[in-house]
Amino acid sequence: MIGCTKLLCGTATVSDAVKYRGIAPQEIPHEMLQFSTKSRPLVVWNMTKRCNLKCMHCYIKAEDRAFGGELTTGEAEEFIKDLAEMQAPVLLFSGGEPLLRKDFFDLAALATDLKLRGVVSTNGTLITPDAAQKMASAGLKYIGVSIDGAPETHNRFRGAEHAFENAMTGIRNSMDAGLRAGVRFTVNQLNYKDLDRVIDIVVDEGIPRFCMYHLVYSGRGREIAKQDISKQQTRDLMKYLVDKTIQLHDAGVDVEILTTDNHADGVYLYNYVKKNMPERAGEVMELLKMHGGCSAGHKFSNVDNLGNVHACQFWGHKTLGNVKDRKFSEIWLDKKNEFLLMMREKPRHLKGRCGRCKFNTICGGCRIRAETVFGDIWAEDPACYLEDEEIGITS
């Protein structure tokens, strides 16, 4: 994730990040995790493929039906215990829709008991006041709810008439229960004009976090790759986000703005700071170095509903092992896994513009988008919107 508020407004500093270097990953404050240099991964667990909605950009093609072979409660408990023992900083419960697993609250409570920071990615429609209280009692730290645009846009994306209203009710119920909540917005051609309306909703509702996700061409996202926004549209949105971030911060509005799934955003912000706030450019660069660009296969991992381990949630076609057969920690720390070793030294293998980019150690591009478009995971990221001169490439 690229923390727009932190980088642009100085709400995080190098000294803040450095003082947490000597402590266990799960004890680092959530707001500083993106700058942690610890190698233990944040793990996204798609705990079920079942979902009560059918979203057009779903990366696992979830459906409202039971799926065989998903981790049993016992297998899930062993998986969570292993993550705690290896000191993973975060376990993100995802789906499908995680609230559809009957053992969800018990597994969340187990993670908390083991000092594993648990967060949730949800469509929000099932968060009743009772469910919100149960999540709070289970010790969950954060609830991320997907909102795809203004009400009519969101309902069309989610395939349900009242999806927006129900998701917003879920967010309110979460905050009423004392949970920290945020909005996740995946931008594409069908909703990019709604960005300002969604941020206005976030501000009006007092929601403390907004994250814009770039489209990754995986699952149903692969099917709508042609709906990705253009490079100029991306630049326009980033300019808007920069201006909005600074405006809200200067007005004292307590909302954090972030982006994810396109680390060129970090370079864009650095270039902006270098031009407009040159006294802070060095610190912003150091923070981006700590973050390290795309962390798939290094500081970020995914386990699907069947227990298969992947470099990130979009790498579903590349399985590294299964937690039913071998502990996650053993799979992830296997020094003989050539794919993982290469993913952890991405700059050495990058080709094209990514290979020649002087910022590839703080970005690295998206390897999934490269594979989808060019058939080569080390090719340049087709969604990079920066000009050659902005990334140090000369003819």
# chains A, B, ... in the order shown; residues from 1 in each chain; ligands from 1
>>> select_by_dssp(residues="stretch 118-293 of chain A", states="strand (DSSP E or B)", output="VMD selection string")
chain A and resid 118 to 122 142 to 146 180 to 186 209 to 213 256 to 260
>>> atom_distance(atom1="atom CA of A:Val253", atom2="atom CA of A:Arg172")
18.1 Å
>>> closest_residue(among="A:Glu205, A:Asp334, A:Glu286, A:Asp194", to="A:Leu237", atoms="only C-alpha atoms")
A:Asp194
>>> residues_around(residues="A:Cys9", least_positions_apart="3", cutoff="10 Å", atoms="only C-alpha atoms", output="list in words")
Gly3, Cys4, Thr5, Lys6, Ala12, Thr245, Ile246, His249, Asp250, Val273 and Arg280 of chain A
>>> closest_residue(among="A:Asn337, A:Asn262, A:Asn166, A:Ser137", to="A:Leu320", atoms="only C-alpha atoms")
A:Asn337
>>> select_by_dssp(residues="stretch 247-362 of chain A", states="alpha helix (DSSP H)", output="PDB file with N, CA, C and O atoms, in the first residue's frame")
ATOM      1  N   GLN A 247      -5.788  18.673   1.039  1.00  0.00           N
ATOM      2  CA  GLN A 247      -6.927  19.505   1.431  1.00  0.00           C
ATOM      3  C   GLN A 247      -7.572  18.995   2.709  1.00  0.00           C
ATOM      4  O   GLN A 247      -7.844  19.767   3.644  1.00  0.00           O
ATOM      5  N   LEU A 248      -7.831  17.688   2.778  1.00  0.00           N
ATOM      6  CA  LEU A 248      -8.490  17.117   3.951  1.00  0.00           C
ATOM      7  C   LEU A 248      -7.596  17.221   5.181  1.00  0.00           C
ATOM      8  O   LEU A 248      -8.061  17.531   6.282  1.00  0.00           O
ATOM      9  N   HIS A 249      -6.310  16.951   5.002  1.00  0.00           N
ATOM     10  CA  HIS A 249      -5.387  17.033   6.137  1.00  0.00           C
ATOM     11  C   HIS A 249      -5.317  18.459   6.669  1.00  0.00           C
ATOM     12  O   HIS A 249      -5.372  18.681   7.885  1.00  0.00           O
ATOM     13  N   ASP A 250      -5.195  19.432   5.765  1.00  0.00           N
ATOM     14  CA  ASP A 250      -5.101  20.824   6.193  1.00  0.00           C
ATOM     15  C   ASP A 250      -6.387  21.303   6.871  1.00  0.00           C
ATOM     16  O   ASP A 250      -6.352  22.207   7.719  1.00  0.00           O
ATOM     17  N   ALA A 264       3.697   2.294  -8.822  1.00  0.00           N
ATOM     18  CA  ALA A 264       4.106   3.517  -9.504  1.00  0.00           C
ATOM     19  C   ALA A 264       3.547   4.739  -8.779  1.00  0.00           C
ATOM     20  O   ALA A 264       4.091   5.847  -8.890  1.00  0.00           O
ATOM     21  N   ASP A 265       2.486   4.535  -8.005  1.00  0.00           N
ATOM     22  CA  ASP A 265       1.921   5.638  -7.216  1.00  0.00           C
ATOM     23  C   ASP A 265       2.954   6.212  -6.254  1.00  0.00           C
ATOM     24  O   ASP A 265       2.982   7.424  -6.005  1.00  0.00           O
ATOM     25  N   GLY A 266       3.794   5.347  -5.682  1.00  0.00           N
ATOM     26  CA  GLY A 266       4.826   5.823  -4.771  1.00  0.00           C
ATOM     27  C   GLY A 266       5.823   6.725  -5.476  1.00  0.00           C
ATOM     28  O   GLY A 266       6.257   7.747  -4.933  1.00  0.00           O
ATOM     29  N   VAL A 267       6.185   6.352  -6.702  1.00  0.00           N
ATOM     30  CA  VAL A 267       7.107   7.168  -7.491  1.00  0.00           C
ATOM     31  C   VAL A 267       6.440   8.495  -7.860  1.00  0.00           C
ATOM     32  O   VAL A 267       7.066   9.559  -7.810  1.00  0.00           O
ATOM     33  N   TYR A 268       5.160   8.422  -8.217  1.00  0.00           N
ATOM     34  CA  TYR A 268       4.414   9.643  -8.544  1.00  0.00           C
ATOM     35  C   TYR A 268       4.420  10.608  -7.352  1.00  0.00           C
ATOM     36  O   TYR A 268       4.676  11.811  -7.508  1.00  0.00           O
ATOM     37  N   LEU A 269       4.143  10.070  -6.167  1.00  0.00           N
ATOM     38  CA  LEU A 269       4.127  10.921  -4.973  1.00  0.00           C
ATOM     39  C   LEU A 269       5.518  11.481  -4.670  1.00  0.00           C
ATOM     40  O   LEU A 269       5.656  12.650  -4.291  1.00  0.00           O
ATOM     41  N   TYR A 270       6.542  10.644  -4.839  1.00  0.00           N
ATOM     42  CA  TYR A 270       7.910  11.119  -4.589  1.00  0.00           C
ATOM     43  C   TYR A 270       8.246  12.284  -5.519  1.00  0.00           C
ATOM     44  O   TYR A 270       8.795  13.311  -5.089  1.00  0.00           O
ATOM     45  N   ASN A 271       7.922  12.128  -6.815  1.00  0.00           N
ATOM     46  CA  ASN A 271       8.208  13.195  -7.767  1.00  0.00           C
ATOM     47  C   ASN A 271       7.433  14.465  -7.427  1.00  0.00           C
ATOM     48  O   ASN A 271       7.946  15.582  -7.578  1.00  0.00           O
ATOM     49  N   TYR A 272       6.202  14.299  -6.937  1.00  0.00           N
ATOM     50  CA  TYR A 272       5.411  15.461  -6.523  1.00  0.00           C
ATOM     51  C   TYR A 272       6.072  16.159  -5.337  1.00  0.00           C
ATOM     52  O   TYR A 272       6.218  17.390  -5.317  1.00  0.00           O
ATOM     53  N   VAL A 273       6.465  15.377  -4.348  1.00  0.00           N
ATOM     54  CA  VAL A 273       7.095  15.950  -3.153  1.00  0.00           C
ATOM     55  C   VAL A 273       8.422  16.621  -3.518  1.00  0.00           C
ATOM     56  O   VAL A 273       8.743  17.718  -3.037  1.00  0.00           O
ATOM     57  N   LYS A 274       9.190  15.979  -4.369  1.00  0.00           N
ATOM     58  CA  LYS A 274      10.484  16.542  -4.771  1.00  0.00           C
ATOM     59  C   LYS A 274      10.306  17.903  -5.431  1.00  0.00           C
ATOM     60  O   LYS A 274      11.125  18.819  -5.233  1.00  0.00           O
ATOM     61  N   LYS A 275       9.237  18.062  -6.191  1.00  0.00           N
ATOM     62  CA  LYS A 275       8.979  19.329  -6.881  1.00  0.00           C
ATOM     63  C   LYS A 275       8.363  20.387  -5.964  1.00  0.00           C
ATOM     64  O   LYS A 275       8.728  21.565  -6.023  1.00  0.00           O
ATOM     65  N   ASN A 276       7.442  19.951  -5.090  1.00  0.00           N
ATOM     66  CA  ASN A 276       6.651  20.915  -4.320  1.00  0.00           C
ATOM     67  C   ASN A 276       7.034  21.027  -2.850  1.00  0.00           C
ATOM     68  O   ASN A 276       6.708  22.020  -2.211  1.00  0.00           O
ATOM     69  N   ALA A 281      11.682  15.454   0.493  1.00  0.00           N
ATOM     70  CA  ALA A 281      11.876  14.413  -0.515  1.00  0.00           C
ATOM     71  C   ALA A 281      12.748  13.261  -0.012  1.00  0.00           C
ATOM     72  O   ALA A 281      12.464  12.085  -0.267  1.00  0.00           O
ATOM     73  N   GLY A 282      13.801  13.585   0.716  1.00  0.00           N
ATOM     74  CA  GLY A 282      14.690  12.537   1.216  1.00  0.00           C
ATOM     75  C   GLY A 282      13.980  11.578   2.147  1.00  0.00           C
ATOM     76  O   GLY A 282      14.168  10.357   2.061  1.00  0.00           O
ATOM     77  N   GLU A 283      13.182  12.130   3.048  1.00  0.00           N
ATOM     78  CA  GLU A 283      12.459  11.273   3.986  1.00  0.00           C
ATOM     79  C   GLU A 283      11.428  10.400   3.278  1.00  0.00           C
ATOM     80  O   GLU A 283      11.282   9.211   3.597  1.00  0.00           O
ATOM     81  N   VAL A 284      10.711  10.975   2.297  1.00  0.00           N
ATOM     82  CA  VAL A 284       9.729  10.190   1.546  1.00  0.00           C
ATOM     83  C   VAL A 284      10.414   9.044   0.818  1.00  0.00           C
ATOM     84  O   VAL A 284       9.921   7.908   0.815  1.00  0.00           O
ATOM     85  N   MET A 285      11.572   9.297   0.217  1.00  0.00           N
ATOM     86  CA  MET A 285      12.291   8.227  -0.470  1.00  0.00           C
ATOM     87  C   MET A 285      12.711   7.130   0.505  1.00  0.00           C
ATOM     88  O   MET A 285      12.608   5.932   0.197  1.00  0.00           O
ATOM     89  N   GLU A 286      13.176   7.499   1.696  1.00  0.00           N
ATOM     90  CA  GLU A 286      13.581   6.493   2.676  1.00  0.00           C
ATOM     91  C   GLU A 286      12.389   5.638   3.105  1.00  0.00           C
ATOM     92  O   GLU A 286      12.506   4.420   3.272  1.00  0.00           O
ATOM     93  N   LEU A 287      11.229   6.255   3.277  1.00  0.00           N
ATOM     94  CA  LEU A 287      10.030   5.500   3.651  1.00  0.00           C
ATOM     95  C   LEU A 287       9.621   4.553   2.530  1.00  0.00           C
ATOM     96  O   LEU A 287       9.219   3.401   2.788  1.00  0.00           O
ATOM     97  N   LEU A 288       9.725   4.986   1.283  1.00  0.00           N
ATOM     98  CA  LEU A 288       9.396   4.119   0.160  1.00  0.00           C
ATOM     99  C   LEU A 288      10.386   2.959   0.057  1.00  0.00           C
ATOM    100  O   LEU A 288      10.007   1.838  -0.296  1.00  0.00           O
ATOM    101  N   LYS A 289      11.639   3.206   0.376  1.00  0.00           N
ATOM    102  CA  LYS A 289      12.629   2.124   0.388  1.00  0.00           C
ATOM    103  C   LYS A 289      12.287   1.097   1.465  1.00  0.00           C
ATOM    104  O   LYS A 289      12.424  -0.109   1.258  1.00  0.00           O
ATOM    105  N   MET A 290      11.859   1.566   2.630  1.00  0.00           N
ATOM    106  CA  MET A 290      11.453   0.647   3.698  1.00  0.00           C
ATOM    107  C   MET A 290      10.262  -0.197   3.259  1.00  0.00           C
ATOM    108  O   MET A 290      10.180  -1.396   3.543  1.00  0.00           O
ATOM    109  N   HIS A 291       9.339   0.451   2.558  1.00  0.00           N
ATOM    110  CA  HIS A 291       8.170  -0.274   2.062  1.00  0.00           C
ATOM    111  C   HIS A 291       8.584  -1.316   1.036  1.00  0.00           C
ATOM    112  O   HIS A 291       8.111  -2.454   1.060  1.00  0.00           O
ATOM    113  N   PHE A 328       2.424 -23.739   6.686  1.00  0.00           N
ATOM    114  CA  PHE A 328       2.643 -22.527   5.896  1.00  0.00           C
ATOM    115  C   PHE A 328       4.068 -22.022   6.075  1.00  0.00           C
ATOM    116  O   PHE A 328       4.735 -21.637   5.110  1.00  0.00           O
ATOM    117  N   SER A 329       4.547 -21.989   7.299  1.00  0.00           N
ATOM    118  CA  SER A 329       5.885 -21.466   7.572  1.00  0.00           C
ATOM    119  C   SER A 329       6.951 -22.245   6.809  1.00  0.00           C
ATOM    120  O   SER A 329       7.925 -21.664   6.307  1.00  0.00           O
ATOM    121  N   GLU A 330       6.798 -23.557   6.701  1.00  0.00           N
ATOM    122  CA  GLU A 330       7.772 -24.372   5.975  1.00  0.00           C
ATOM    123  C   GLU A 330       7.720 -24.080   4.484  1.00  0.00           C
ATOM    124  O   GLU A 330       8.759 -24.023   3.812  1.00  0.00           O
ATOM    125  N   ILE A 331       6.524 -23.893   3.958  1.00  0.00           N
ATOM    126  CA  ILE A 331       6.371 -23.567   2.535  1.00  0.00           C
ATOM    127  C   ILE A 331       6.982 -22.199   2.247  1.00  0.00           C
ATOM    128  O   ILE A 331       7.753 -22.021   1.297  1.00  0.00           O
ATOM    129  N   TRP A 332       6.675 -21.225   3.078  1.00  0.00           N
ATOM    130  CA  TRP A 332       7.073 -19.842   2.832  1.00  0.00           C
ATOM    131  C   TRP A 332       8.565 -19.620   3.030  1.00  0.00           C
ATOM    132  O   TRP A 332       9.167 -18.776   2.359  1.00  0.00           O
ATOM    133  N   GLU A 338      12.594 -21.796  -6.057  1.00  0.00           N
ATOM    134  CA  GLU A 338      13.199 -20.834  -6.976  1.00  0.00           C
ATOM    135  C   GLU A 338      12.268 -19.664  -7.271  1.00  0.00           C
ATOM    136  O   GLU A 338      12.714 -18.510  -7.370  1.00  0.00           O
ATOM    137  N   PHE A 339      10.970 -19.929  -7.410  1.00  0.00           N
ATOM    138  CA  PHE A 339      10.015 -18.863  -7.696  1.00  0.00           C
ATOM    139  C   PHE A 339      10.004 -17.831  -6.580  1.00  0.00           C
ATOM    140  O   PHE A 339      10.080 -16.621  -6.831  1.00  0.00           O
ATOM    141  N   LEU A 340       9.924 -18.291  -5.317  1.00  0.00           N
ATOM    142  CA  LEU A 340       9.908 -17.364  -4.194  1.00  0.00           C
ATOM    143  C   LEU A 340      11.215 -16.586  -4.096  1.00  0.00           C
ATOM    144  O   LEU A 340      11.216 -15.383  -3.811  1.00  0.00           O
ATOM    145  N   LEU A 341      12.323 -17.262  -4.335  1.00  0.00           N
ATOM    146  CA  LEU A 341      13.612 -16.577  -4.275  1.00  0.00           C
ATOM    147  C   LEU A 341      13.681 -15.455  -5.303  1.00  0.00           C
ATOM    148  O   LEU A 341      14.175 -14.359  -5.016  1.00  0.00           O
ATOM    149  N   MET A 342      13.156 -15.708  -6.498  1.00  0.00           N
ATOM    150  CA  MET A 342      13.164 -14.679  -7.536  1.00  0.00           C
ATOM    151  C   MET A 342      12.205 -13.538  -7.201  1.00  0.00           C
ATOM    152  O   MET A 342      12.513 -12.370  -7.437  1.00  0.00           O
ATOM    153  N   MET A 343      11.050 -13.877  -6.625  1.00  0.00           N
ATOM    154  CA  MET A 343      10.090 -12.842  -6.248  1.00  0.00           C
ATOM    155  C   MET A 343      10.650 -11.921  -5.174  1.00  0.00           C
ATOM    156  O   MET A 343      10.239 -10.764  -5.052  1.00  0.00           O
ATOM    157  N   GLY A 352      12.247  -4.802 -19.818  1.00  0.00           N
ATOM    158  CA  GLY A 352      11.541  -3.680 -20.412  1.00  0.00           C
ATOM    159  C   GLY A 352      11.702  -2.416 -19.587  1.00  0.00           C
ATOM    160  O   GLY A 352      12.732  -2.165 -18.968  1.00  0.00           O
ATOM    161  N   ARG A 353      10.676  -1.601 -19.550  1.00  0.00           N
ATOM    162  CA  ARG A 353      10.730  -0.334 -18.825  1.00  0.00           C
ATOM    163  C   ARG A 353      10.938  -0.558 -17.340  1.00  0.00           C
ATOM    164  O   ARG A 353      11.635   0.224 -16.679  1.00  0.00           O
ATOM    165  N   CYS A 354      10.343  -1.629 -16.793  1.00  0.00           N
ATOM    166  CA  CYS A 354      10.541  -1.916 -15.364  1.00  0.00           C
ATOM    167  C   CYS A 354      12.008  -2.225 -15.078  1.00  0.00           C
ATOM    168  O   CYS A 354      12.542  -1.819 -14.042  1.00  0.00           O
ATOM    169  N   GLY A 355      12.661  -2.944 -15.989  1.00  0.00           N
ATOM    170  CA  GLY A 355      14.066  -3.277 -15.794  1.00  0.00           C
ATOM    171  C   GLY A 355      14.970  -2.060 -15.861  1.00  0.00           C
ATOM    172  O   GLY A 355      16.001  -1.999 -15.194  1.00  0.00           O
ATOM    173  N   ARG A 356      14.585  -1.063 -16.671  1.00  0.00           N
ATOM    174  CA  ARG A 356      15.411   0.136 -16.850  1.00  0.00           C
ATOM    175  C   ARG A 356      15.034   1.269 -15.904  1.00  0.00           C
ATOM    176  O   ARG A 356      15.736   2.276 -15.820  1.00  0.00           O
TER     177      ARG A 356
END
>>> residues_around(residues="stretch 148-156 of chain A", least_positions_apart="2", cutoff="6 Å", atoms="only C-alpha atoms", output="ChimeraX atom specification")
/A:158-161,163-164,185,191,194,198
>>> atom_distance(atom1="atom CA of A:Leu195", atom2="atom CA of A:Leu215")
14.2 Å
